[in-house]
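Asks: First the structure, then my questions, so here it is.
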Amino acid sequence: MAQKKLAIIATKGSLDWAYPPFILASTAAALGYEVQIFFTFYGLQLLKKNPDLKVTPLGNPGMPMPGGMERFMPVLLTALPFMQRVMTIMMKAKMKKKGVASIEELRELCQEAEVKFIACQMTVDLFDMEPTAFIPGVEFAGAAAFFEFAGTSDICLYI
Amino acid sequence: MAHDQELDASGLNCPLPILRAKKTLNAMAAGQVLHVIATDPGSVRDFDAFAKQTGNVLTDSREEGGKFHFLITKG
């Protein structure tokens with residue numbers, strides 16, 4: 001049986017959206033898939049050496065809050081300066097308590113399983129990001145390089 | 001339950017039990033048996049799916065003492 005391939009485009013740079021690409025990539029690799037993730041725009045944050053990812057309740061009506069607070073909290077309150085920080089701290093604490101892996105851990109497991117990380121060269125340049133800001137092992141390429149792999153993939157996800 | 005290696009993934013959530021199991025199986029020989037203990041209820045379906053897709057054999061899957069036990073024979 002030929003090895004299956006999974007191609008993912010990761011475009012989001014918040015803590016909650018960081019999970020799907022790394023969970024799916026690491027699991028697929030464990031199932032024997034060859035996996036590549038193409039990180040573009042805000043998804044590039046997921047490749048930083050010290051990712052400072054946050055989750056925000058602002059403009060996120062589906063986000064459950066402690067004690068069901070989301071049911072009566074006015075939207076404007078979620079814009080208060082401390083809100084994002086507090087929610088991020090609470091979310092990370094909850095994840096730890098429930099045995100959910102950290103992003104750094106999942107990312108490392110992906111690399112151990114030879115998941116290939118590709119940073120979009122165009123957005124790296126656009127945001128004036130230094131290649132040294134990224135973890136080792138990241139490759140830099142463009143859309144055509146992504147299609148070389150994605151064109152032969154069995155599953156292709158845009159996240 | 002007779003086994004060659006044991007992996008306690010209690011307290012770990014998806015996808016960590018599968019990833020740890022895969023890593024442990026990598027270091028084992030074909031025919032050897034891995035006993036995985038997990039508390040994640042999702043792991044019941046996941047280990048079944050894992051075995052079907054990887055050529056390893058799930059020889060036993062049961063709940064005992066509030067934990068899930070899996071026996072996986074490396075293929």
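Naming scheme: A, B, ... for chains in displayed order of the structure tokens; residues 1 onward per chain; ligands 1 onward as shown.
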Give me the chain A side of the contact with chain B, cut-off 9 Å, one line per residue showing its nearest atom pair and distance in Å at one decimal, counting only C-alpha atoms, sorted by chain and residue number, as JSON lines.
Replies:
```
{"residue": "A:Ile23", "atom": "CA", "partner": "B:Pro15", "partner_atom": "CA", "distance": 6.4}
{"residue": "A:Leu24", "atom": "CA", "partner": "B:Pro15", "partner_atom": "CA", "distance": 8.5}
{"residue": "A:Ser26", "atom": "CA", "partner": "B:Leu19", "partner_atom": "CA", "distance": 7.4}
{"residue": "A:Thr27", "atom": "CA", "partner": "B:Pro15", "partner_atom": "CA", "distance": 6.5}
{"residue": "A:Ala29", "atom": "CA", "partner": "B:Leu19", "partner_atom": "CA", "distance": 9.0}
{"residue": "A:Ala30", "atom": "CA", "partner": "B:Lys22", "partner_atom": "CA", "distance": 6.0}
{"residue": "A:Leu31", "atom": "CA", "partner": "B:Thr54", "partner_atom": "CA", "distance": 5.7}
{"residue": "A:Gly32", "atom": "CA", "partner": "B:Thr54", "partner_atom": "CA", "distance": 6.8}
{"residue": "A:Lys97", "atom": "CA", "partner": "B:Gly11", "partner_atom": "CA", "distance": 8.6}
{"residue": "A:Lys98", "atom": "CA", "partner": "B:Asn13", "partner_atom": "CA", "distance": 6.9}
{"residue": "A:Gly99", "atom": "CA", "partner": "B:Leu12", "partner_atom": "CA", "distance": 4.4}
{"residue": "A:Val100", "atom": "CA", "partner": "B:Asn13", "partner_atom": "CA", "distance": 5.1}
{"residue": "A:Ala101", "atom": "CA", "partner": "B:Leu16", "partner_atom": "CA", "distance": 7.1}
{"residue": "A:Leu106", "atom": "CA", "partner": "B:Leu16", "partner_atom": "CA", "distance": 8.5}
{"residue": "A:Leu109", "atom": "CA", "partner": "B:Leu19", "partner_atom": "CA", "distance": 7.9}
```
Asks: Generate the output file for the selected residues, N, CA and C atoms, as a PDB file, in the first residue's frame.
Replies:
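part_16.pdb, written as the output of this step:
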```pdb
ATOM      1  N   ILE A  23      -2.359  18.701  15.926  1.00  0.00           N
ATOM      2  CA  ILE A  23      -2.990  17.440  16.359  1.00  0.00           C
ATOM      3  C   ILE A  23      -3.181  16.522  15.152  1.00  0.00           C
ATOM      4  N   LEU A  24      -3.715  17.076  14.077  1.00  0.00           N
ATOM      5  CA  LEU A  24      -3.978  16.244  12.900  1.00  0.00           C
ATOM      6  C   LEU A  24      -2.676  15.771  12.257  1.00  0.00           C
ATOM      7  N   SER A  26       0.347  15.340  13.693  1.00  0.00           N
ATOM      8  CA  SER A  26       1.062  14.345  14.504  1.00  0.00           C
ATOM      9  C   SER A  26       0.331  13.005  14.472  1.00  0.00           C
ATOM     10  N   THR A  27      -0.999  13.057  14.504  1.00  0.00           N
ATOM     11  CA  THR A  27      -1.771  11.806  14.478  1.00  0.00           C
ATOM     12  C   THR A  27      -1.626  11.121  13.125  1.00  0.00           C
ATOM     13  N   ALA A  29       0.826  11.330  11.090  1.00  0.00           N
ATOM     14  CA  ALA A  29       2.180  10.771  11.019  1.00  0.00           C
ATOM     15  C   ALA A  29       2.241   9.452  11.780  1.00  0.00           C
ATOM     16  N   ALA A  30       1.548   9.384  12.933  1.00  0.00           N
ATOM     17  CA  ALA A  30       1.532   8.149  13.719  1.00  0.00           C
ATOM     18  C   ALA A  30       0.805   7.037  12.973  1.00  0.00           C
ATOM     19  N   LEU A  31      -0.096   7.421  12.090  1.00  0.00           N
ATOM     20  CA  LEU A  31      -0.840   6.434  11.304  1.00  0.00           C
ATOM     21  C   LEU A  31      -0.096   6.073  10.015  1.00  0.00           C
ATOM     22  N   GLY A  32       1.066   6.664   9.845  1.00  0.00           N
ATOM     23  CA  GLY A  32       1.884   6.315   8.692  1.00  0.00           C
ATOM     24  C   GLY A  32       1.801   7.261   7.506  1.00  0.00           C
ATOM     25  N   LYS A  97      -4.748  20.860  33.108  1.00  0.00           N
ATOM     26  CA  LYS A  97      -5.512  20.033  34.032  1.00  0.00           C
ATOM     27  C   LYS A  97      -6.149  18.837  33.316  1.00  0.00           C
ATOM     28  N   LYS A  98      -6.563  19.054  32.076  1.00  0.00           N
ATOM     29  CA  LYS A  98      -7.240  17.995  31.328  1.00  0.00           C
ATOM     30  C   LYS A  98      -6.279  17.119  30.537  1.00  0.00           C
ATOM     31  N   GLY A  99      -4.987  17.332  30.710  1.00  0.00           N
ATOM     32  CA  GLY A  99      -4.020  16.478  30.013  1.00  0.00           C
ATOM     33  C   GLY A  99      -3.914  16.745  28.530  1.00  0.00           C
ATOM     34  N   VAL A 100      -4.257  17.972  28.113  1.00  0.00           N
ATOM     35  CA  VAL A 100      -4.091  18.350  26.706  1.00  0.00           C
ATOM     36  C   VAL A 100      -2.650  18.826  26.518  1.00  0.00           C
ATOM     37  N   ALA A 101      -2.019  18.339  25.491  1.00  0.00           N
ATOM     38  CA  ALA A 101      -0.613  18.683  25.247  1.00  0.00           C
ATOM     39  C   ALA A 101      -0.459  20.173  24.966  1.00  0.00           C
ATOM     40  N   LEU A 106       3.292  19.316  21.074  1.00  0.00           N
ATOM     41  CA  LEU A 106       2.737  18.723  19.854  1.00  0.00           C
ATOM     42  C   LEU A 106       3.626  19.022  18.645  1.00  0.00           C
ATOM     43  N   LEU A 109       6.530  16.759  18.743  1.00  0.00           N
ATOM     44  CA  LEU A 109       6.136  15.401  18.349  1.00  0.00           C
ATOM     45  C   LEU A 109       5.982  15.312  16.832  1.00  0.00           C
TER      46      LEU A 109
END
```
Asks: Per DSSP on the backbone, what are the strand (DSSP E or B) residues of segment 4-67 of chain B, as a ChimeraX atom specification?
Replies: /B:5-9,33-38,57-64,67
Asks: Take the residues just selected and output them with N, CA and C atoms as a tab-separated table (two decimals), in the first residue's frame.
Replies:
```tsv
chain	number	residue	atom	x	y	z
B	5	GLN	N	5.47	-4.95	26.95
B	5	GLN	CA	5.73	-3.57	27.41
B	5	GLN	C	4.43	-2.96	27.89
B	6	GLU	N	4.57	-2.03	28.83
B	6	GLU	CA	3.37	-1.34	29.33
B	6	GLU	C	3.55	0.16	29.18
B	7	LEU	N	2.46	0.83	28.79
B	7	LEU	CA	2.49	2.28	28.64
B	7	LEU	C	1.31	2.86	29.40
B	8	ASP	N	1.60	3.66	30.41
B	8	ASP	CA	0.52	4.28	31.18
B	8	ASP	C	0.27	5.69	30.64
B	9	ALA	N	-0.82	5.85	29.91
B	9	ALA	CA	-1.16	7.16	29.34
B	9	ALA	C	-2.32	7.79	30.12
B	33	VAL	N	3.76	-7.60	22.36
B	33	VAL	CA	2.47	-7.03	22.79
B	33	VAL	C	2.67	-5.82	23.70
B	34	LEU	N	1.96	-4.74	23.38
B	34	LEU	CA	2.00	-3.53	24.19
B	34	LEU	C	0.68	-3.38	24.95
B	35	HIS	N	0.79	-3.14	26.22
B	35	HIS	CA	-0.39	-2.89	27.05
B	35	HIS	C	-0.48	-1.39	27.32
B	36	VAL	N	-1.54	-0.76	26.83
B	36	VAL	CA	-1.72	0.68	27.04
B	36	VAL	C	-2.85	0.90	28.04
B	37	ILE	N	-2.59	1.78	29.00
B	37	ILE	CA	-3.63	2.15	29.97
B	37	ILE	C	-3.95	3.62	29.73
B	38	ALA	N	-5.24	3.94	29.57
B	38	ALA	CA	-5.63	5.33	29.29
B	38	ALA	C	-6.91	5.69	30.04
B	57	VAL	N	-2.35	-5.12	15.61
B	57	VAL	CA	-3.60	-5.80	15.93
B	57	VAL	C	-4.03	-5.48	17.37
B	58	LEU	N	-5.26	-4.98	17.47
B	58	LEU	CA	-5.82	-4.70	18.79
B	58	LEU	C	-6.44	-6.00	19.30
B	59	THR	N	-5.70	-6.69	20.17
B	59	THR	CA	-6.16	-8.01	20.60
B	59	THR	C	-7.12	-7.94	21.78
B	60	ASP	N	-7.09	-6.81	22.51
B	60	ASP	CA	-8.03	-6.67	23.61
B	60	ASP	C	-8.27	-5.19	23.89
B	61	SER	N	-9.52	-4.86	24.20
B	61	SER	CA	-9.89	-3.49	24.55
B	61	SER	C	-10.97	-3.59	25.60
B	62	ARG	N	-10.66	-3.16	26.82
B	62	ARG	CA	-11.67	-3.29	27.88
B	62	ARG	C	-11.55	-2.16	28.91
B	63	GLU	N	-12.67	-1.95	29.61
B	63	GLU	CA	-12.67	-0.95	30.67
B	63	GLU	C	-12.58	-1.71	31.99
B	64	GLU	N	-11.67	-1.28	32.84
B	64	GLU	CA	-11.48	-1.97	34.09
B	64	GLU	C	-11.03	-0.96	35.14
B	67	LYS	N	-10.56	2.65	34.11
B	67	LYS	CA	-9.55	2.95	33.10
B	67	LYS	C	-9.74	2.06	31.88
```
Asks: Just how far from atom CA of Leu15 of chain A is atom CA of Glu104 of chain A, in Å to one decimal?
Replies: 11.1 Å
Asks: Could you work out how far atom CA of Glu105 of chain A lies from atom CA of Ile89 of chain A, giving the answer in Å with one decimal?
Replies: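 Atom-to-atom, atom CA of Ile89 of chain A and atom CA of Glu105 of chain A are spaced 17.6 Å apart.
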Asks: Using only C-alpha atoms, which residue out of A:Phe117, A:Phe22, A:Pro57, A:Cys156 lies closest to Ala79 of chain A?
Replies: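 Nearest to Ala79 of chain A: A:Pro57.
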Asks: Based on the backbone DSSP call, show me all residues of chain B assigned helix (DSSP H, G or I), as a PyMOL selection string.
Replies: chain B and resi 16-26+43-54
Asks: As a list of chain:residue names, please: the residues near Leu58 of chain A (cut-off 9 Å, only C-alpha atoms, same-chain neighbours under 2 positions excluded).
Replies: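 Counting only C-alpha atoms, the residues come to A:Thr56, A:Asn60, A:Pro61, A:Val75, A:Leu76, A:Leu77, A:Thr78, A:Ala79, A:Met83, A:Gln84.
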Asks: Write the selection just made, keeping N, CA and C atoms, as a PDB file, in the first residue's frame?
Replies:
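Result file is selection38.pdb:
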```
ATOM      1  N   THR A  56      -8.707  34.693  22.376  1.00  0.00           N
ATOM      2  CA  THR A  56      -9.446  35.914  22.691  1.00  0.00           C
ATOM      3  C   THR A  56     -10.960  35.671  22.702  1.00  0.00           C
ATOM      4  N   ASN A  60     -15.738  36.316  19.510  1.00  0.00           N
ATOM      5  CA  ASN A  60     -15.728  34.855  19.538  1.00  0.00           C
ATOM      6  C   ASN A  60     -16.906  34.381  20.395  1.00  0.00           C
ATOM      7  N   PRO A  61     -18.126  34.490  19.863  1.00  0.00           N
ATOM      8  CA  PRO A  61     -19.314  34.208  20.667  1.00  0.00           C
ATOM      9  C   PRO A  61     -19.439  32.746  21.088  1.00  0.00           C
ATOM     10  N   VAL A  75     -20.639  42.135  25.068  1.00  0.00           N
ATOM     11  CA  VAL A  75     -19.520  41.975  24.134  1.00  0.00           C
ATOM     12  C   VAL A  75     -18.418  42.997  24.416  1.00  0.00           C
ATOM     13  N   LEU A  76     -18.831  44.210  24.744  1.00  0.00           N
ATOM     14  CA  LEU A  76     -17.852  45.276  24.968  1.00  0.00           C
ATOM     15  C   LEU A  76     -16.872  44.923  26.094  1.00  0.00           C
ATOM     16  N   LEU A  77     -17.348  44.226  27.103  1.00  0.00           N
ATOM     17  CA  LEU A  77     -16.472  43.852  28.221  1.00  0.00           C
ATOM     18  C   LEU A  77     -15.338  42.937  27.778  1.00  0.00           C
ATOM     19  N   THR A  78     -15.616  42.112  26.741  1.00  0.00           N
ATOM     20  CA  THR A  78     -14.567  41.193  26.284  1.00  0.00           C
ATOM     21  C   THR A  78     -13.413  41.945  25.609  1.00  0.00           C
ATOM     22  N   ALA A  79     -13.622  43.245  25.384  1.00  0.00           N
ATOM     23  CA  ALA A  79     -12.570  44.060  24.776  1.00  0.00           C
ATOM     24  C   ALA A  79     -11.681  44.737  25.814  1.00  0.00           C
ATOM     25  N   MET A  83      -8.666  41.255  29.464  1.00  0.00           N
ATOM     26  CA  MET A  83      -9.518  40.101  29.187  1.00  0.00           C
ATOM     27  C   MET A  83      -8.794  38.981  28.428  1.00  0.00           C
ATOM     28  N   GLN A  84      -8.068  39.348  27.365  1.00  0.00           N
ATOM     29  CA  GLN A  84      -7.387  38.349  26.543  1.00  0.00           C
ATOM     30  C   GLN A  84      -6.343  37.600  27.359  1.00  0.00           C
TER      31      GLN A  84
END
```
